[in-house]
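Novice: I am sharing model-v9.cif, which consists of mmCIF, C-alpha atoms:
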data_protein
#
loop_
_atom_site.group_PDB
_atom_site.id
_atom_site.type_symbol
_atom_site.label_atom_id
_atom_site.label_comp_id
_atom_site.auth_asym_id
_atom_site.auth_seq_id
_atom_site.Cartn_x
_atom_site.Cartn_y
_atom_site.Cartn_z
ATOM 1 C CA MET A 1 -60.594 -11.921 6.386
ATOM 2 C CA GLU A 2 -59.903 -8.347 5.330
ATOM 3 C CA LYS A 3 -56.339 -8.569 6.703
ATOM 4 C CA PHE A 4 -55.747 -11.692 4.656
ATOM 5 C CA ASP A 5 -56.999 -9.964 1.499
ATOM 6 C CA ARG A 6 -54.661 -7.016 2.072
ATOM 7 C CA LEU A 7 -51.738 -9.367 2.722
ATOM 8 C CA ALA A 8 -52.551 -11.398 -0.405
ATOM 9 C CA LYS A 9 -52.708 -8.197 -2.459
ATOM 10 C CA ARG A 10 -49.317 -7.023 -1.123
ATOM 11 C CA VAL A 11 -47.719 -10.401 -1.803
ATOM 12 C CA GLY A 12 -49.211 -10.434 -5.310
ATOM 13 C CA ASN A 13 -47.932 -6.925 -6.012
ATOM 14 C CA PHE A 14 -44.480 -7.921 -4.741
ATOM 15 C CA PHE A 15 -44.333 -10.966 -7.009
ATOM 16 C CA GLU A 16 -45.598 -8.954 -9.974
ATOM 17 C CA GLY A 17 -42.902 -6.328 -9.424
ATOM 18 C CA PHE A 18 -40.282 -9.049 -8.969
ATOM 19 C CA MET A 19 -41.388 -10.720 -12.199
ATOM 20 C CA GLU A 20 -41.182 -7.441 -14.126
ATOM 21 C CA ALA A 21 -37.709 -6.726 -12.722
ATOM 22 C CA ALA A 22 -36.592 -10.258 -13.614
ATOM 23 C CA MET A 23 -37.952 -9.907 -17.167
ATOM 24 C CA ALA A 24 -36.169 -6.568 -17.569
ATOM 25 C CA THR A 25 -32.922 -8.133 -16.319
ATOM 26 C CA LEU A 26 -33.416 -11.054 -18.699
ATOM 27 C CA GLY A 27 -33.962 -8.611 -21.564
ATOM 28 C CA LEU A 28 -30.762 -6.725 -20.765
ATOM 29 C CA CYS A 29 -28.800 -9.979 -20.560
ATOM 30 C CA LEU A 30 -30.258 -11.100 -23.890
ATOM 31 C CA ILE A 31 -29.243 -7.815 -25.498
ATOM 32 C CA CYS A 32 -25.677 -8.351 -24.256
ATOM 33 C CA PHE A 33 -25.662 -11.920 -25.602
ATOM 34 C CA ILE A 34 -27.019 -10.689 -28.940
ATOM 35 C CA PHE A 35 -24.152 -8.219 -29.275
ATOM 36 C CA VAL A 36 -21.631 -10.945 -28.346
ATOM 37 C CA GLU A 37 -23.116 -13.262 -30.970
ATOM 38 C CA LEU A 38 -23.165 -10.447 -33.523
ATOM 39 C CA TRP A 39 -19.495 -9.773 -32.827
ATOM 40 C CA HIS A 40 -18.798 -13.488 -33.270
ATOM 41 C CA LEU A 41 -20.608 -13.394 -36.621
ATOM 42 C CA VAL A 42 -18.528 -10.416 -37.734
ATOM 43 C CA GLU A 43 -15.350 -12.285 -36.767
ATOM 44 C CA LEU A 44 -16.467 -15.249 -38.888
ATOM 45 C CA THR A 45 -16.852 -13.218 -42.076
ATOM 46 C CA PRO A 46 -14.336 -14.349 -44.673
ATOM 47 C CA PHE A 47 -13.020 -10.873 -45.533
ATOM 48 C CA LEU A 48 -12.111 -10.125 -41.889
ATOM 49 C CA SER A 49 -10.561 -13.440 -40.940
ATOM 50 C CA GLY A 50 -7.747 -14.723 -43.093
ATOM 51 C CA ALA A 51 -8.462 -18.343 -42.194
ATOM 52 C CA LYS A 52 -10.922 -20.526 -44.023
ATOM 53 C CA ILE A 53 -14.172 -20.660 -42.044
ATOM 54 C CA SER A 54 -16.624 -23.548 -42.355
ATOM 55 C CA ILE A 55 -20.191 -22.797 -43.327
ATOM 56 C CA ASP A 56 -21.380 -24.902 -40.373
ATOM 57 C CA SER A 57 -19.845 -22.526 -37.835
ATOM 58 C CA ILE A 58 -21.344 -19.506 -39.601
ATOM 59 C CA LEU A 59 -24.773 -21.188 -39.779
ATOM 60 C CA SER A 60 -24.577 -22.218 -36.122
ATOM 61 C CA SER A 61 -23.677 -18.700 -35.043
ATOM 62 C CA LEU A 62 -26.432 -17.210 -37.203
ATOM 63 C CA ILE A 63 -29.016 -19.599 -35.756
ATOM 64 C CA ASN A 64 -27.900 -18.705 -32.221
ATOM 65 C CA PHE A 65 -28.226 -15.010 -33.082
ATOM 66 C CA PHE A 66 -31.817 -15.393 -34.294
ATOM 67 C CA LEU A 67 -32.679 -17.649 -31.354
ATOM 68 C CA LEU A 68 -31.557 -14.913 -28.977
ATOM 69 C CA LEU A 69 -33.619 -12.375 -30.925
ATOM 70 C CA GLU A 70 -36.695 -14.589 -30.538
ATOM 71 C CA PHE A 71 -36.120 -14.878 -26.790
ATOM 72 C CA LEU A 72 -35.784 -11.099 -26.623
ATOM 73 C CA ALA A 73 -39.041 -10.694 -28.551
ATOM 74 C CA MET A 74 -40.727 -13.128 -26.168
ATOM 75 C CA ALA A 75 -39.447 -11.214 -23.121
ATOM 76 C CA ALA A 76 -40.601 -7.910 -24.645
ATOM 77 C CA ALA A 77 -44.047 -9.335 -25.417
ATOM 78 C CA ALA A 78 -44.322 -10.644 -21.869
ATOM 79 C CA MET A 79 -43.338 -7.240 -20.471
ATOM 80 C CA GLN A 80 -45.936 -5.466 -22.623
ATOM 81 C CA ASN A 81 -48.707 -7.852 -21.549
ATOM 82 C CA HIS A 82 -47.814 -8.009 -17.834
ATOM 83 C CA GLY A 83 -46.372 -11.524 -17.991
ATOM 84 C CA HIS A 84 -48.914 -13.024 -20.374
ATOM 85 C CA LEU A 85 -48.084 -14.298 -23.837
ATOM 86 C CA ALA A 86 -50.658 -14.765 -26.584
ATOM 87 C CA ALA A 87 -51.120 -18.277 -27.900
ATOM 88 C CA ASP A 88 -50.541 -17.222 -31.518
ATOM 89 C CA PHE A 89 -47.202 -15.676 -30.526
ATOM 90 C CA LEU A 90 -46.113 -18.957 -28.929
ATOM 91 C CA ILE A 91 -47.323 -20.970 -31.928
ATOM 92 C CA SER A 92 -45.395 -18.760 -34.349
ATOM 93 C CA LEU A 93 -42.352 -19.061 -32.091
ATOM 94 C CA GLY A 94 -42.675 -22.850 -32.272
ATOM 95 C CA ILE A 95 -42.995 -22.744 -36.059
ATOM 96 C CA THR A 96 -39.857 -20.652 -36.454
ATOM 97 C CA ALA A 97 -37.959 -22.878 -34.022
ATOM 98 C CA LEU A 98 -38.921 -25.978 -35.997
ATOM 99 C CA LEU A 99 -37.993 -24.265 -39.267
ATOM 100 C CA ARG A 100 -34.635 -23.291 -37.827
ATOM 101 C CA GLY A 101 -34.049 -26.873 -36.740
ATOM 102 C CA LEU A 102 -35.033 -28.103 -40.179
ATOM 103 C CA ILE A 103 -32.538 -25.744 -41.805
ATOM 104 C CA ALA A 104 -29.713 -26.613 -39.417
ATOM 105 C CA GLU A 105 -30.146 -30.392 -39.232
ATOM 106 C CA HIS A 106 -31.490 -31.852 -42.448
ATOM 107 C CA GLU A 107 -29.695 -35.168 -42.731
ATOM 108 C CA ALA A 108 -32.252 -37.794 -41.639
ATOM 109 C CA PRO A 109 -35.199 -37.954 -44.083
ATOM 110 C CA MET A 110 -37.650 -39.411 -41.546
ATOM 111 C CA GLN A 111 -36.803 -36.681 -39.036
ATOM 112 C CA ASN A 112 -37.386 -34.082 -41.759
ATOM 113 C CA VAL A 113 -40.825 -35.529 -42.505
ATOM 114 C CA LEU A 114 -41.772 -35.512 -38.812
ATOM 115 C CA THR A 115 -40.557 -31.936 -38.420
ATOM 116 C CA CYS A 116 -42.546 -30.854 -41.475
ATOM 117 C CA LEU A 117 -45.653 -32.581 -40.085
ATOM 118 C CA ALA A 118 -45.174 -30.777 -36.773
ATOM 119 C CA ILE A 119 -44.883 -27.451 -38.621
ATOM 120 C CA LEU A 120 -48.025 -28.266 -40.603
ATOM 121 C CA ALA A 121 -49.912 -29.156 -37.405
ATOM 122 C CA LEU A 122 -48.909 -25.849 -35.804
ATOM 123 C CA ILE A 123 -49.947 -23.883 -38.893
ATOM 124 C CA ILE A 124 -53.320 -25.654 -39.033
ATOM 125 C CA GLY A 125 -53.773 -25.024 -35.309
ATOM 126 C CA GLU A 126 -53.064 -21.324 -35.746
ATOM 127 C CA ILE A 127 -55.467 -21.084 -38.691
ATOM 128 C CA LEU A 128 -58.199 -22.832 -36.696
ATOM 129 C CA MET A 129 -57.554 -20.601 -33.689
ATOM 130 C CA HIS A 130 -57.889 -17.441 -35.808
ATOM 131 C CA TRP A 131 -60.944 -18.831 -37.593
ATOM 132 C CA GLN A 132 -62.651 -19.576 -34.278
ATOM 133 C CA SER A 133 -61.705 -16.172 -32.894
ATOM 134 C CA ASN A 134 -63.113 -14.399 -35.972
ATOM 135 C CA ARG A 135 -66.260 -16.509 -35.772
ATOM 136 C CA GLU A 136 -66.806 -15.611 -32.117
ATOM 137 C CA HIS A 137 -66.122 -11.947 -32.901
ATOM 138 C CA HIS A 138 -68.778 -11.904 -35.631
ATOM 139 C CA ASP A 139 -71.281 -13.776 -33.434
ATOM 140 C CA ASN A 140 -70.934 -11.181 -30.663
ATOM 141 C CA LYS A 141 -71.818 -8.277 -32.959
#
Is it possible to give me this structure as structure tokens?
Specialist:
Amino acid sequence: MEKFDRLAKRVGNFFEGFMEAAMATLGLCLICFIFVELWHLVELTPFLSGAKISIDSILSSLINFFLLLEFLAMAAAAMQNHGHLAADFLISLGITALLRGLIAEHEAPMQNVLTCLAILALIIGEILMHWQSNREHHDNK
């Protein structure tokens, strides 16, 4: 049984190292994509390009830029916490993703209402999670 425990520990250490290397590679790739998207945004600025640029292409490129920044923040948070992400970080990521979608696509009124309700549900969930955490913290003192 002791041999199995040592083997399981080695395999676990290997996968943990592999995961950290993969997250670092993902972070480097995201940084490259961020610079590409930033360059694309600079090319879309009206004073650099002589052609008339639509606001939709600028907004789409800007949303992609911030989406890549959020993925980079998520990869960095996972690296700092050894592959674990806090629930409040994921909830806030969901809120910003829904807000971004609401800004980009705001044509169908019913879809807007459903998106706003989803944002409200996430905000209430985060408030309740922090309230419960504070309550447990005070009870343990």
Novice: Produce a table with one row for each residue of range 76-105 of chain A that has an atom at most 12 Å from any atom of range 127-131 of chain A, each row naming the nearest atom pair and its distance in Å at one decimal; use only C-alpha atoms; arrange rows by chain and rising residue number; format as JSON lines.
Specialist:
{"residue": "A:Ala86", "atom": "CA", "partner": "A:Met129", "partner_atom": "CA", "distance": 11.5}
{"residue": "A:Ala87", "atom": "CA", "partner": "A:Met129", "partner_atom": "CA", "distance": 9.0}
{"residue": "A:Asp88", "atom": "CA", "partner": "A:Met129", "partner_atom": "CA", "distance": 8.1}
{"residue": "A:Phe89", "atom": "CA", "partner": "A:Met129", "partner_atom": "CA", "distance": 11.9}
{"residue": "A:Ile91", "atom": "CA", "partner": "A:Met129", "partner_atom": "CA", "distance": 10.4}
{"residue": "A:Ser92", "atom": "CA", "partner": "A:Ile127", "partner_atom": "CA", "distance": 11.2}
Novice: Please, could you write that set of residues out with C-alpha atoms as a PDB file, in the frame of the given file?
Specialist:
ATOM      1  CA  ALA A  86     -50.658 -14.765 -26.584  1.00  0.00           C
ATOM      2  CA  ALA A  87     -51.120 -18.277 -27.900  1.00  0.00           C
ATOM      3  CA  ASP A  88     -50.541 -17.222 -31.518  1.00  0.00           C
ATOM      4  CA  PHE A  89     -47.202 -15.676 -30.526  1.00  0.00           C
ATOM      5  CA  ILE A  91     -47.323 -20.970 -31.928  1.00  0.00           C
ATOM      6  CA  SER A  92     -45.395 -18.760 -34.349  1.00  0.00           C
TER       7      SER A  92
END
Novice: Work out how far CA of Ile95 in chain A is from CA of Ala118 in chain A, in Å to one decimal.
Specialist: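 These atoms are spaced 8.4 Å apart.
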Novice: Got a sec: who's within 12 Å of Thr96 in chain A, counting all atoms listed in the file, leaving out chain neighbours fewer than 5 positions off, as a ChimeraX atom specification?
Specialist: /A:63,66-67,69-71,89-91,101-103,115-116,118-120,122-123
Novice: Name the closest residue to Arg100 in chain A among the candidates A:Ala24, A:Val42, A:Met1, A:Leu59; distances are taken between atoms, counting all atoms listed in the file.
Specialist: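 Among A:Ala24, A:Val42, A:Met1, A:Leu59, it is A:Leu59 that comes nearest to Arg100 in chain A.
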Novice: Please, what is the axis-aligned box for every listed atom of range 2-19 of chain A with 5 Å on each side, as centre and edge lengths in Å to one decimal, as AutoDock Vina command-line options?
Specialist:
--center_x -50.1 --center_y -9.0 --center_z -2.7 --size_x 29.6 --size_y 15.4 --size_z 28.9
Novice: Which neighbours of Phe33 in chain A fall inside 8 Å, counting only C-alpha atoms, when residues of the same chain fewer than 4 positions from it are skipped, and could you give them as a list in words?
Specialist: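 Once the nearby chain positions are removed, what remains is Cys29, Glu37 and Leu68 of chain A.
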Novice: Between A:Trp39, A:Asp139, A:Gly83, A:Ala21, which residue has the minimum interatomic distance to Leu62 in chain A, considering only C-alpha atoms?
Specialist: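 Checking each candidate against Leu62 in chain A, we get A:Trp39 as the closest.
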Novice: Counting all atoms listed in the file, which residue out of A:His82, A:His40, A:Lys52, A:Arg6 sits closest to Glu20 in chain A?
Specialist: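 When distances to Glu20 in chain A are compared using all atoms listed in the file, the smallest one comes from A:His82.
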Novice: How many Å separate CA of Ala76 in chain A from CA of Leu41 in chain A?
Specialist: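 That distance, rounded to one decimal, is 23.9 Å.
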Novice: Point out the residue among A:Leu99, A:Ala104, A:Ile58, A:Leu26 with the least atom-to-atom distance to Leu117 in chain A, counting all atoms listed in the file.
Specialist: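 Selected residue with least distance to Leu117 in chain A: A:Leu99.
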Novice: Let me make sure I understand: among A:Asn140, A:Ile53, A:Ala108, A:Phe65, which one has the smallest atom-to-atom distance to Ile31 in chain A if we use only C-alpha atoms?
Specialist: A:Phe65
Novice: When you count all atoms listed in the file, which of these residues is closest to Leu93 in chain A: A:Leu30, A:Ile55, A:Leu38, A:Leu72?
Specialist: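 Nearest candidate to Leu93 in chain A out of A:Leu30, A:Ile55, A:Leu38, A:Leu72: A:Leu72.
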Novice: Record the distance separating CA of Glu107 in chain A and CA of Leu44 in chain A, expressed in Å with one decimal.
Specialist: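 Spanning CA of Glu107 in chain A to CA of Leu44 in chain A is a straight-line distance of 24.2 Å.
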